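What follows is the content of input_6.cif, which has mmCIF, C-alpha atoms and all ligand atoms:
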data_query
loop_
_atom_site.label_atom_id
_atom_site.label_comp_id
_atom_site.auth_asym_id
_atom_site.auth_seq_id
_atom_site.Cartn_x
_atom_site.Cartn_y
_atom_site.Cartn_z
CA MET A 102 171.24 32.11 87.11
CA ALA A 103 167.80 33.67 87.07
CA ARG A 104 164.76 31.93 88.51
CA PRO A 105 163.87 29.46 85.78
CA LEU A 106 160.07 29.91 85.65
CA ILE A 107 158.80 31.40 82.39
CA ALA A 108 155.63 31.42 80.32
CA ASP A 109 156.64 30.58 76.76
CA VAL A 110 154.07 31.91 74.30
CA ASP A 111 154.08 30.27 70.87
CA LEU A 112 152.70 32.88 68.49
CA ASP A 113 152.66 30.41 65.59
CA ALA A 114 150.30 28.21 67.61
CA LEU A 115 148.10 31.25 68.23
CA ARG A 116 147.97 31.90 64.48
CA HIS A 117 147.24 28.24 63.82
CA ASN A 118 144.31 28.29 66.26
CA TYR A 119 142.98 31.52 64.80
CA ALA A 120 143.22 30.00 61.31
CA LEU A 121 141.19 27.04 62.58
CA ALA A 122 138.54 29.40 63.97
CA ARG A 123 138.38 31.19 60.61
CA GLU A 124 138.11 27.91 58.76
CA LEU A 125 135.25 26.77 61.00
CA ALA A 126 133.57 30.15 60.69
CA GLY A 127 133.26 29.62 56.94
CA GLY A 128 131.50 32.65 55.55
CA SER A 129 131.27 34.38 58.95
CA ARG A 130 133.89 36.84 60.06
CA ALA A 131 135.97 35.82 63.07
CA LEU A 132 137.10 38.48 65.51
CA ALA A 133 139.69 37.49 68.12
CA VAL A 134 138.85 37.95 71.80
CA ILE A 135 141.96 39.21 73.59
CA LYS A 136 140.47 40.55 76.84
CA ALA A 137 142.21 39.93 80.17
CA ASP A 138 145.60 40.52 78.55
CA ALA A 139 144.83 37.89 75.91
CA TYR A 140 143.83 35.39 78.60
CA GLY A 141 147.16 35.99 80.30
CA HIS A 142 149.30 35.63 77.18
CA GLY A 143 150.02 39.33 76.59
CA ALA A 144 147.46 41.28 74.57
CA VAL A 145 149.78 43.53 72.58
CA ALA A 146 152.07 40.68 71.53
CA CYS A 147 149.16 38.42 70.61
CA ALA A 148 147.27 41.14 68.73
CA GLY A 149 150.49 42.10 66.94
CA ALA A 150 151.08 38.51 65.83
CA LEU A 151 147.54 38.22 64.49
CA GLU A 152 147.54 41.67 62.91
CA ALA A 153 150.76 40.76 61.04
CA LEU A 154 148.97 37.96 59.18
CA PRO A 155 148.39 38.64 55.47
CA ALA A 156 145.27 40.61 54.56
CA GLY A 157 142.32 38.25 54.31
CA ARG A 158 143.75 35.93 56.96
CA ARG A 159 144.05 38.38 59.82
CA PRO A 160 141.23 39.17 62.28
CA PRO A 161 138.97 41.97 61.04
CA ALA A 162 138.50 43.02 64.68
CA PHE A 163 139.63 42.29 68.21
CA ALA A 164 137.43 42.26 71.31
CA VAL A 165 138.20 43.34 74.87
CA ALA A 166 136.21 43.95 78.04
CA CYS A 167 136.80 47.65 78.59
CA LEU A 168 138.24 50.91 77.33
CA GLU A 169 141.49 50.54 79.31
CA GLU A 170 142.26 47.28 77.55
CA ALA A 171 141.61 48.90 74.16
CA GLU A 172 143.81 51.88 75.08
CA ALA A 173 146.70 49.55 75.92
CA LEU A 174 146.37 47.94 72.49
CA ARG A 175 146.34 51.29 70.68
CA GLU A 176 149.39 52.39 72.70
CA GLY A 177 151.02 49.15 71.59
CA GLY A 178 150.46 50.12 67.96
CA ILE A 179 147.44 47.92 67.19
CA VAL A 180 145.31 49.57 64.48
CA THR A 181 142.61 46.93 63.85
CA PRO A 182 139.06 47.78 65.03
CA ILE A 183 138.42 46.75 68.64
CA VAL A 184 134.99 45.86 70.06
CA LEU A 185 134.20 46.73 73.69
CA LEU A 186 132.19 43.66 74.70
CA GLU A 187 130.54 45.43 77.62
CA GLY A 188 130.52 48.85 75.99
CA ILE A 189 131.18 51.90 78.11
CA PHE A 190 131.06 51.99 81.90
CA GLU A 191 130.40 55.73 82.05
CA ALA A 192 129.22 58.27 79.49
CA GLN A 193 132.44 60.26 79.42
CA GLU A 194 134.24 57.29 77.88
CA LEU A 195 132.52 57.99 74.55
CA ALA A 196 135.08 60.60 73.54
CA ARG A 197 137.86 58.03 73.89
CA VAL A 198 135.80 55.39 72.10
CA GLU A 199 135.49 57.76 69.17
CA ALA A 200 139.10 58.96 69.24
CA LEU A 201 140.48 55.42 69.32
CA GLY A 202 138.15 54.13 66.59
CA LEU A 203 136.47 51.55 68.82
CA TRP A 204 133.23 49.65 68.33
CA MET A 205 131.00 49.01 71.26
CA ALA A 206 128.26 46.82 72.62
CA VAL A 207 125.26 48.52 74.21
CA HIS A 208 123.45 46.43 76.76
CA SER A 209 121.57 49.01 78.88
CA ASP A 210 119.22 51.94 78.44
CA TRP A 211 121.65 54.38 80.02
CA GLN A 212 124.24 53.48 77.36
CA VAL A 213 121.72 54.18 74.61
CA GLU A 214 120.85 57.54 76.19
CA ALA A 215 124.54 58.43 76.52
CA LEU A 216 125.21 57.53 72.89
CA LEU A 217 122.24 59.56 71.64
CA ALA A 218 123.31 62.53 73.77
CA TYR A 219 126.83 62.42 72.34
CA ARG A 220 127.65 63.84 68.91
CA PRO A 221 130.52 61.98 67.32
CA ALA A 222 132.16 63.40 64.19
CA ARG A 223 131.55 59.99 62.63
CA PRO A 224 128.99 57.47 63.89
CA ILE A 225 130.24 54.76 66.24
CA PRO A 226 129.79 51.08 65.28
CA VAL A 227 127.33 49.61 67.78
CA TRP A 228 126.42 46.01 68.57
CA LEU A 229 123.14 45.68 70.41
CA LYS A 230 123.36 43.10 73.16
CA VAL A 231 120.36 40.86 73.79
CA ASP A 232 119.73 38.77 76.89
CA SER A 233 118.52 35.60 75.19
CA GLY A 234 118.91 33.49 78.32
CA MET A 235 122.31 34.04 79.93
CA HIS A 236 120.63 36.59 82.23
CA ARG A 237 123.73 38.66 82.67
CA LEU A 238 123.92 41.57 80.21
CA GLY A 239 121.61 42.74 77.46
CA PHE A 240 118.11 43.88 76.65
CA PRO A 241 115.25 41.46 77.23
CA PRO A 242 114.01 40.16 73.86
CA ASP A 243 110.71 42.07 74.06
CA GLN A 244 112.55 45.40 74.31
CA VAL A 245 115.02 44.80 71.50
CA ALA A 246 112.91 46.03 68.59
CA ALA A 247 112.31 49.41 70.23
CA VAL A 248 116.00 49.94 70.99
CA TRP A 249 116.97 48.75 67.52
CA GLU A 250 114.58 51.24 65.96
CA ARG A 251 115.85 54.12 68.10
CA LEU A 252 119.44 53.41 67.13
CA SER A 253 118.55 52.85 63.47
CA ALA A 254 116.90 56.24 63.47
CA ALA A 255 120.12 57.89 64.74
CA PRO A 256 122.63 57.32 61.92
CA ALA A 257 124.75 60.25 63.07
CA HIS A 258 125.39 58.39 66.34
CA ALA A 259 125.37 54.68 65.59
CA THR A 260 126.35 52.63 62.56
CA GLY A 261 127.01 48.98 61.69
CA LEU A 262 124.19 47.81 63.93
CA LEU A 263 123.91 44.11 64.62
CA LEU A 264 122.51 41.90 67.34
CA MET A 265 124.78 40.05 69.71
CA SER A 266 124.07 37.58 72.46
CA HIS A 267 126.00 35.09 74.58
CA PHE A 268 125.32 31.38 75.12
CA ALA A 269 125.15 29.88 78.60
CA THR A 270 125.60 26.24 77.58
CA ALA A 271 127.46 26.08 74.24
CA ASP A 272 130.10 23.82 75.79
CA ALA A 273 127.58 21.13 76.75
CA ARG A 274 126.39 18.28 74.56
CA ASP A 275 122.79 18.70 75.60
CA SER A 276 121.48 21.43 73.33
CA ALA A 277 118.01 22.16 74.68
CA TYR A 278 118.84 25.50 76.32
CA PHE A 279 121.25 26.42 73.53
CA ASP A 280 118.50 25.81 70.96
CA ARG A 281 116.14 28.05 72.90
CA GLN A 282 118.65 30.92 72.94
CA LEU A 283 119.44 30.44 69.26
CA ALA A 284 115.76 30.38 68.28
CA CYS A 285 115.18 33.60 70.24
CA MET A 286 118.00 35.35 68.36
CA GLN A 287 117.02 33.99 64.97
CA ALA A 288 113.47 35.25 65.46
CA LEU A 289 114.73 38.74 66.36
CA ALA A 290 117.16 38.77 63.43
CA HIS A 291 114.38 37.79 61.06
CA ARG A 292 111.98 40.37 62.39
CA LEU A 293 114.50 43.24 62.29
CA GLY A 294 116.51 42.17 59.25
CA ALA A 295 119.55 42.19 61.54
CA SER A 296 122.72 40.15 61.34
CA LEU A 297 123.99 38.20 64.34
CA CYS A 298 127.11 37.74 66.43
CA LEU A 299 126.59 34.89 68.91
CA ALA A 300 129.33 32.31 68.94
CA ASN A 301 132.01 32.05 71.62
CA SER A 302 134.69 29.34 71.30
CA PRO A 303 132.50 26.31 71.98
CA ALA A 304 129.82 27.53 69.58
CA THR A 305 132.46 28.33 66.96
CA LEU A 306 133.76 24.77 67.32
CA ALA A 307 130.55 22.82 67.65
CA TRP A 308 127.48 24.77 66.53
CA PRO A 309 127.81 26.00 62.92
CA GLN A 310 124.12 26.88 62.84
CA ALA A 311 124.94 29.66 65.35
CA HIS A 312 127.78 31.29 63.44
CA GLY A 313 125.82 34.29 62.15
CA SER A 314 127.78 37.06 60.45
CA TRP A 315 130.51 37.21 63.13
CA VAL A 316 131.94 34.65 65.54
CA ARG A 317 133.90 35.67 68.63
CA PRO A 318 136.23 32.94 69.79
CA GLY A 319 138.41 33.51 72.83
CA VAL A 320 139.86 30.63 74.77
CA MET A 321 140.21 28.31 71.76
CA LEU A 322 142.72 30.76 70.27
CA TYR A 323 145.00 29.92 73.17
CA GLY A 324 144.69 26.19 72.55
CA SER A 325 142.24 25.25 75.27
CA ASP A 326 139.34 23.01 74.32
CA PRO A 327 136.14 24.40 75.86
CA LEU A 328 133.93 21.47 74.84
CA GLU A 329 132.64 18.92 77.33
CA GLN A 330 133.50 16.25 74.75
CA PRO A 331 136.41 17.00 72.38
CA SER A 332 135.47 17.19 68.70
CA GLU A 333 137.47 16.49 65.57
CA ALA A 334 138.06 20.22 65.22
CA SER A 335 138.95 20.88 68.86
CA ARG A 336 141.59 18.14 68.70
CA ARG A 337 143.43 20.29 66.15
CA LEU A 338 144.01 23.10 68.67
CA GLU A 339 147.63 23.66 69.73
CA PRO A 340 148.74 24.90 73.13
CA VAL A 341 149.99 28.49 73.02
CA MET A 342 151.35 28.94 76.53
CA THR A 343 153.92 26.60 78.04
CA LEU A 344 154.44 27.25 81.73
CA ARG A 345 157.97 25.99 82.11
CA SER A 346 160.32 25.75 85.07
CA GLU A 347 163.05 23.55 86.49
CA ILE A 348 163.82 21.36 89.45
CA ILE A 349 165.77 23.35 92.04
CA ALA A 350 166.24 20.61 94.69
CA VAL A 351 165.57 16.91 95.22
CA ARG A 352 164.68 15.09 98.46
CA GLU A 353 164.91 11.35 99.21
CA LEU A 354 162.13 10.39 101.60
CA ALA A 355 161.55 7.24 103.64
CA VAL A 356 158.13 5.60 103.83
CA GLY A 357 155.74 7.67 105.91
CA GLU A 358 157.56 11.00 105.56
CA PRO A 359 155.30 13.96 104.70
CA VAL A 360 155.91 16.73 102.16
CA GLY A 361 155.09 20.40 102.47
CA TYR A 362 152.48 22.32 104.46
CA ALA A 363 150.26 20.19 106.67
CA GLY A 364 152.00 17.10 105.32
CA ARG A 365 149.16 16.54 102.90
CA TRP A 366 151.15 14.00 100.88
CA ARG A 367 153.04 11.16 102.57
CA ALA A 368 155.49 8.73 101.02
CA SER A 369 153.89 5.29 100.65
CA ARG A 370 157.20 3.93 99.32
CA PRO A 371 160.78 5.23 99.38
CA SER A 372 160.35 8.35 97.25
CA ARG A 373 162.25 11.04 95.40
CA ILE A 374 160.56 14.40 95.60
CA ALA A 375 161.56 17.26 93.31
CA VAL A 376 161.12 20.88 94.31
CA VAL A 377 160.04 23.08 91.38
CA ALA A 378 160.33 26.86 91.11
CA CYS A 379 156.63 27.68 90.62
CA GLY A 380 153.94 28.44 93.17
CA TYR A 381 150.70 30.25 93.80
CA GLY A 382 152.68 33.50 93.98
CA ASP A 383 153.14 32.97 90.24
CA GLY A 384 149.47 32.18 89.72
CA TYR A 385 149.72 28.39 89.74
CA ASP A 386 146.53 27.17 91.42
CA ARG A 387 146.88 26.37 95.10
CA HIS A 388 143.93 23.98 94.76
CA ALA A 389 146.03 21.57 92.67
CA ALA A 390 145.38 18.18 94.23
CA ASP A 391 147.93 15.44 94.75
CA GLY A 392 147.97 13.70 91.38
CA THR A 393 147.75 16.87 89.28
CA PRO A 394 149.82 16.04 86.19
CA VAL A 395 153.20 17.64 85.50
CA LEU A 396 155.84 16.85 82.86
CA VAL A 397 159.38 16.33 84.17
CA ALA A 398 162.03 15.85 81.49
CA GLY A 399 159.12 15.18 79.11
CA ARG A 400 157.59 12.43 81.25
CA ARG A 401 154.31 12.57 83.12
CA THR A 402 154.28 12.60 86.87
CA ALA A 403 152.27 14.41 89.49
CA ILE A 404 152.09 17.01 92.22
CA ALA A 405 152.83 15.59 95.68
CA GLY A 406 151.98 17.96 98.53
CA LYS A 407 150.37 21.37 98.81
CA VAL A 408 151.48 24.12 96.43
CA SER A 409 153.50 26.83 98.25
CA MET A 410 153.87 30.47 97.27
CA ASP A 411 157.14 30.08 95.36
CA MET A 412 157.54 26.33 95.01
CA LEU A 413 155.70 23.11 94.43
CA THR A 414 156.71 19.49 94.85
CA VAL A 415 156.39 16.56 92.46
CA ASP A 416 157.03 12.85 92.76
CA VAL A 417 159.99 11.86 90.54
CA THR A 418 160.56 8.42 92.04
CA ASP A 419 159.89 6.84 88.65
CA ILE A 420 161.97 9.36 86.68
CA PRO A 421 165.51 8.50 87.77
CA GLU A 422 167.09 10.86 85.24
CA ALA A 423 165.32 13.84 86.86
CA GLY A 424 167.62 16.09 88.86
CA ILE A 425 168.43 19.70 89.56
CA GLY A 426 167.96 21.66 86.34
CA SER A 427 165.60 19.16 84.69
CA GLU A 428 162.82 20.76 82.69
CA VAL A 429 159.39 20.89 84.36
CA VAL A 430 156.30 21.76 82.31
CA LEU A 431 153.23 22.72 84.35
CA TRP A 432 151.19 22.85 81.13
CA GLY A 433 152.00 23.18 77.45
CA ARG A 434 154.65 21.51 75.32
CA SER A 435 157.86 19.97 76.67
CA ARG A 436 161.15 20.39 74.80
CA HIS A 437 161.07 16.58 74.81
CA GLY A 438 157.89 16.65 72.71
CA ALA A 439 155.18 15.63 75.18
CA VAL A 440 152.13 17.87 75.63
CA LEU A 441 150.18 18.47 78.83
CA SER A 442 146.90 20.26 78.25
CA VAL A 443 145.92 23.12 80.52
CA ASP A 444 142.39 21.68 80.45
CA GLU A 445 143.59 18.50 82.10
CA VAL A 446 145.45 20.44 84.79
CA ALA A 447 142.34 22.54 85.38
CA ARG A 448 140.23 19.45 86.08
CA HIS A 449 142.62 18.46 88.87
CA CYS A 450 142.36 21.98 90.31
CA ASP A 451 138.56 21.92 90.23
CA THR A 452 138.58 24.87 87.86
CA ILE A 453 138.70 25.75 84.14
CA SER A 454 141.58 26.67 81.86
CA TYR A 455 140.41 30.29 81.79
CA THR A 456 141.28 30.88 85.45
CA LEU A 457 144.65 29.14 85.16
CA LEU A 458 145.71 31.08 82.06
CA THR A 459 144.44 34.48 83.20
CA GLY A 460 145.84 33.80 86.66
CA ILE A 461 149.53 33.73 85.69
CA LEU A 462 150.94 36.77 87.43
CA PRO A 463 153.32 39.47 86.14
CA ARG A 464 156.15 37.92 88.16
CA VAL A 465 156.35 35.24 85.45
CA PRO A 466 158.22 36.60 82.41
CA ARG A 467 156.53 35.95 79.07
CA HIS A 468 158.86 34.78 76.31
CA TYR A 469 157.50 34.99 72.78
CA SER A 470 158.54 32.75 69.92
CA GLN A 471 157.54 32.64 66.27
CA ARG A 472 159.12 31.22 63.16
CA THR A 473 157.51 33.65 60.76
C1 LIG B 1 134.91 36.36 76.78
C2 LIG B 1 133.82 36.46 75.81
C3 LIG B 1 133.85 35.68 74.64
C4 LIG B 1 134.90 34.62 74.38
O1 LIG B 1 134.53 33.46 75.09
P1 LIG B 1 135.38 32.11 75.00
O2 LIG B 1 134.59 31.14 75.78
O3 LIG B 1 136.71 32.41 75.62
O4 LIG B 1 135.50 31.80 73.57
C5 LIG B 1 132.86 35.89 73.69
N1 LIG B 1 131.87 36.79 73.91
C6 LIG B 1 131.80 37.53 75.03
C7 LIG B 1 130.69 38.49 75.21
C8 LIG B 1 132.76 37.38 76.02
O5 LIG B 1 132.67 38.11 77.13
#

Take the structure I supplied and represent it as structure tokens, if you would.
Amino acid sequence: MARPLIADVDLDALRHNYALARELAGGSRALAVIKADAYGHGAVACAGALEALPAGRRPPAFAVACLEEAEALREGGIVTPIVLLEGIFEAQELARVEALGLWMAVHSDWQVEALLAYRPARPIPVWLKVDSGMHRLGFPPDQVAAVWERLSAAPAHATGLLLMSHFATADARDSAYFDRQLACMQALAHRLGASLCLANSPATLAWPQAHGSWVRPGVMLYGSDPLEQPSEASRRLEPVMTLRSEIIAVRELAVGEPVGYAGRWRASRPSRIAVVACGYGDGYDRHAADGTPVLVAGRRTAIAGKVSMDMLTVDVTDIPEAGIGSEVVLWGRSRHGAVLSVDEVARHCDTISYTLLTGILPRVPRHYSQRT
């Protein structure tokens, strides 16, 4: 029998979460962010599932981080427009941007110069990125009008101009910094008569006043709740990836016996320890503390001992029915019905769902399911 670890990807759940993003977006258009191989879920499969939705319910665009990611989607047969969130990394990429029908952000002067020096057969859709307070990419607010005017005056090069920016604190309840960024962008939009694209997942979920003409949810599409405090809407998200394995061995340990490297966990009572085929060589986080939740045969228990490269160990003392071959869910939905959220696992690993999901390595086969 093959090694039992798989990442089950529920494409119906992905569509459900996208439909929720669209519903929340109201009159705004909702693109789907599928960078980093759709946050580890498989970009071509996820884009294909969303593109197959009926017209009017499918994403009008996808977004990725770079040209290579867009090329992989086009090779996979995806025809929907794709936005390059960081634009080009060198001027010679413009020919591919044009040939593949991509849209692109411009965040730096050199990108503007490259675009104006290039003569596309048809103008390229361009989103002008503003640094409204994230202090990562984008033009400072006081330079935006000049760049906007240059691009507006070059209709043979750039079309579909709008202003985009990224929030630093949309996941937090305290809105002071968020409000400052939003006010900055609203002032620019008003002055230039521009439309806006601002909202990541937390802003799509929690800040309708920031929806603008486009929202750009990412992680929520995969069922992770990015909000500090769950909302009524975020509770409707469904997990897309189930990281599923099985017990491959069981140990009976006397009081005081240690488990795994450095003996981090020790039995405080006579214990049954299950060995699970999943480790950091699969992308499971080695920082998972003792107590990190796991579902065994649909019941909650916890990691006991350090995660190894190919295996991890869980305490099944209180799950007497657990044995070799029992289902183990590291996150997602058990066949027995229970759900373990990747967000909860992330908290025990001192990280966020994004790193866990994008961290699942190619060694783990992805299995796709959909009813429709
Ligand atoms: C990744 C990314 C997003 C999506 O963010 P989530 O928090 O996953 O919703 C949106 N906009 C930009 C510019 C990004 O880089």

What do you get as an mmCIF file with C-alpha atoms, keeping the file's coordinate frame if you pick all residues at most 6 Å from ligand LIG 1 (chain B), counting only C-alpha atoms and all ligand atoms?
data_model
loop_
_atom_site.group_PDB
_atom_site.id
_atom_site.type_symbol
_atom_site.label_atom_id
_atom_site.label_comp_id
_atom_site.auth_asym_id
_atom_site.auth_seq_id
_atom_site.Cartn_x
_atom_site.Cartn_y
_atom_site.Cartn_z
ATOM 1 C CA VAL A 134 138.850 37.950 71.800
ATOM 2 C CA LEU A 186 132.190 43.660 74.700
ATOM 3 C CA HIS A 267 126.000 35.090 74.580
ATOM 4 C CA ASN A 301 132.010 32.050 71.620
ATOM 5 C CA SER A 302 134.690 29.340 71.300
ATOM 6 C CA ARG A 317 133.900 35.670 68.630
ATOM 7 C CA PRO A 318 136.230 32.940 69.790
ATOM 8 C CA GLY A 319 138.410 33.510 72.830
ATOM 9 C CA VAL A 320 139.860 30.630 74.770
#

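The shortest atom-to-atom distance to A:Ser276, with all atoms listed in the file taken into account, belongs to A:Ala311 out of A:Ala311, A:Leu203, A:Leu106, A:Ala131.
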
Item to complete: Place a sphere of radius 8 Å on (122.8, 29.4, 71.4) in the file coordinates and name every protein, DNA or RNA residue with an atom inside or on its surface, counting all atoms listed in the file; give the answer as a VMD selection string.
Response: chain A and resid 267 to 271 278 to 284 299 to 300 304 311

Residues of stretch 292-396 of chain A that approach stretch 442-445 of chain A to 12 Å or less, counting only C-alpha atoms: could you list each one with the shortest pair of atoms and its distance in Å to one decimal, rows by chain and increasing residue number, as CSV?
residue,atom,partner,partner_atom,distance
A:Val320,CA,A:Asp444,CA,10.9
A:Met321,CA,A:Asp444,CA,11.1
A:Tyr323,CA,A:Val443,CA,10.1
A:Gly324,CA,A:Ser442,CA,8.5
A:Ser325,CA,A:Asp444,CA,6.3
A:Asp326,CA,A:Asp444,CA,7.0
A:Pro327,CA,A:Asp444,CA,8.2
A:Leu328,CA,A:Asp444,CA,10.2
A:Glu329,CA,A:Asp444,CA,10.6
A:Gln330,CA,A:Asp444,CA,11.9
A:Pro331,CA,A:Asp444,CA,11.1
A:Arg336,CA,A:Ser442,CA,11.1
A:Leu338,CA,A:Ser442,CA,10.4
A:Glu339,CA,A:Ser442,CA,9.2
A:Pro340,CA,A:Ser442,CA,7.2
A:Val341,CA,A:Val443,CA,10.1
A:Met342,CA,A:Val443,CA,8.9
A:Thr343,CA,A:Val443,CA,9.1
A:Leu344,CA,A:Val443,CA,9.5
A:Tyr385,CA,A:Val443,CA,11.3
A:Asp386,CA,A:Val443,CA,11.6
A:Ala389,CA,A:Glu445,CA,11.3
A:Gly392,CA,A:Glu445,CA,11.3
A:Thr393,CA,A:Glu445,CA,8.5
A:Pro394,CA,A:Glu445,CA,7.8
A:Val395,CA,A:Ser442,CA,10.0
A:Leu396,CA,A:Ser442,CA,10.6

Output the selection as a PDB file, keeping the file's coordinate frame - C-alpha atoms for each residue.
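And here's again30.pdb as it stands now:
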ATOM      1  CA  VAL A 320     139.860  30.630  74.770  1.00  0.00           C
ATOM      2  CA  MET A 321     140.210  28.310  71.760  1.00  0.00           C
ATOM      3  CA  TYR A 323     145.000  29.920  73.170  1.00  0.00           C
ATOM      4  CA  GLY A 324     144.690  26.190  72.550  1.00  0.00           C
ATOM      5  CA  SER A 325     142.240  25.250  75.270  1.00  0.00           C
ATOM      6  CA  ASP A 326     139.340  23.010  74.320  1.00  0.00           C
ATOM      7  CA  PRO A 327     136.140  24.400  75.860  1.00  0.00           C
ATOM      8  CA  LEU A 328     133.930  21.470  74.840  1.00  0.00           C
ATOM      9  CA  GLU A 329     132.640  18.920  77.330  1.00  0.00           C
ATOM     10  CA  GLN A 330     133.500  16.250  74.750  1.00  0.00           C
ATOM     11  CA  PRO A 331     136.410  17.000  72.380  1.00  0.00           C
ATOM     12  CA  ARG A 336     141.590  18.140  68.700  1.00  0.00           C
ATOM     13  CA  LEU A 338     144.010  23.100  68.670  1.00  0.00           C
ATOM     14  CA  GLU A 339     147.630  23.660  69.730  1.00  0.00           C
ATOM     15  CA  PRO A 340     148.740  24.900  73.130  1.00  0.00           C
ATOM     16  CA  VAL A 341     149.990  28.490  73.020  1.00  0.00           C
ATOM     17  CA  MET A 342     151.350  28.940  76.530  1.00  0.00           C
ATOM     18  CA  THR A 343     153.920  26.600  78.040  1.00  0.00           C
ATOM     19  CA  LEU A 344     154.440  27.250  81.730  1.00  0.00           C
ATOM     20  CA  TYR A 385     149.720  28.390  89.740  1.00  0.00           C
ATOM     21  CA  ASP A 386     146.530  27.170  91.420  1.00  0.00           C
ATOM     22  CA  ALA A 389     146.030  21.570  92.670  1.00  0.00           C
ATOM     23  CA  GLY A 392     147.970  13.700  91.380  1.00  0.00           C
ATOM     24  CA  THR A 393     147.750  16.870  89.280  1.00  0.00           C
ATOM     25  CA  PRO A 394     149.820  16.040  86.190  1.00  0.00           C
ATOM     26  CA  VAL A 395     153.200  17.640  85.500  1.00  0.00           C
ATOM     27  CA  LEU A 396     155.840  16.850  82.860  1.00  0.00           C
TER      28      LEU A 396
END

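Residue nearest A:Val465, chosen from A:Leu293, A:Leu252, A:Cys379, A:Ala350 and counting all atoms listed in the file: A:Cys379.
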
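Distance annotation: of A:Ser409, A:Gln244, A:Thr414, A:Ser129, the residue with the minimal separation from A:Arg367 is A:Thr414; atom set is all atoms listed in the file.
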
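Residues having any atom no farther than 12 Å from (167.0, 10.8, 81.6) (counting all atoms listed in the file) are Val397, Ala398, Gly399, Arg400, Val417, Asp419, Ile420, Pro421, Glu422, Ala423, Gly424, Gly426, Ser427, Glu428 and His437 of chain A.
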
Worksheet item: Of the residues A:Asp232, A:Glu194, A:Glu124, A:Glu347, which is the one nearest to A:Val316, using all atoms listed in the file?
Response: A:Glu124

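Of note, atom CA of A:Gly384 and atom CA of A:Gly364 are spaced 21.8 Å apart.
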
Worksheet item: Which is closest to A:Phe190 among A:Ala139, A:Leu112, A:Met410, A:Ala215, if we use only C-alpha atoms?
Response: A:Ala215

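Closest to A:Ala144 among A:Ser266, A:Thr418, A:Thr459, A:Ser233 is A:Thr459, based on all atoms listed in the file.
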
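From atom CA of A:His468 back to atom CA of A:Asp109, the distance works out to 4.8 Å.
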
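Relative to atom CA of A:Ile183, atom CA of A:His208 is found at 17.0 Å.
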
Item to complete: Give me the residues within 12 Å of A:Cys147 as a PyMOL selection string, counting all atoms listed in the file and dropping any in the same chain fewer than 4 places off.
Response: chain A and resi 110-116+119+133-143+151-154+159-160+163+174+177+179+322-323+341-342+467-471

Practice prompt. Could you give me, as a PyMOL selection string, the residues within 6 Å of A:Ala162, counting all atoms listed in the file and dropping anything in the same chain fewer than 5 positions from it?
Written response: chain A and resi 132+181-183

Take every atom of stretch 349-355 of chain A listed in the file, pad by 6 Å on each side, and give me the axis-aligned box centre and edge lengths in Å, one decimal, as JSON.
{"center_x": 163.9, "center_y": 15.3, "center_z": 97.8, "size_x": 16.7, "size_y": 28.1, "size_z": 23.6}
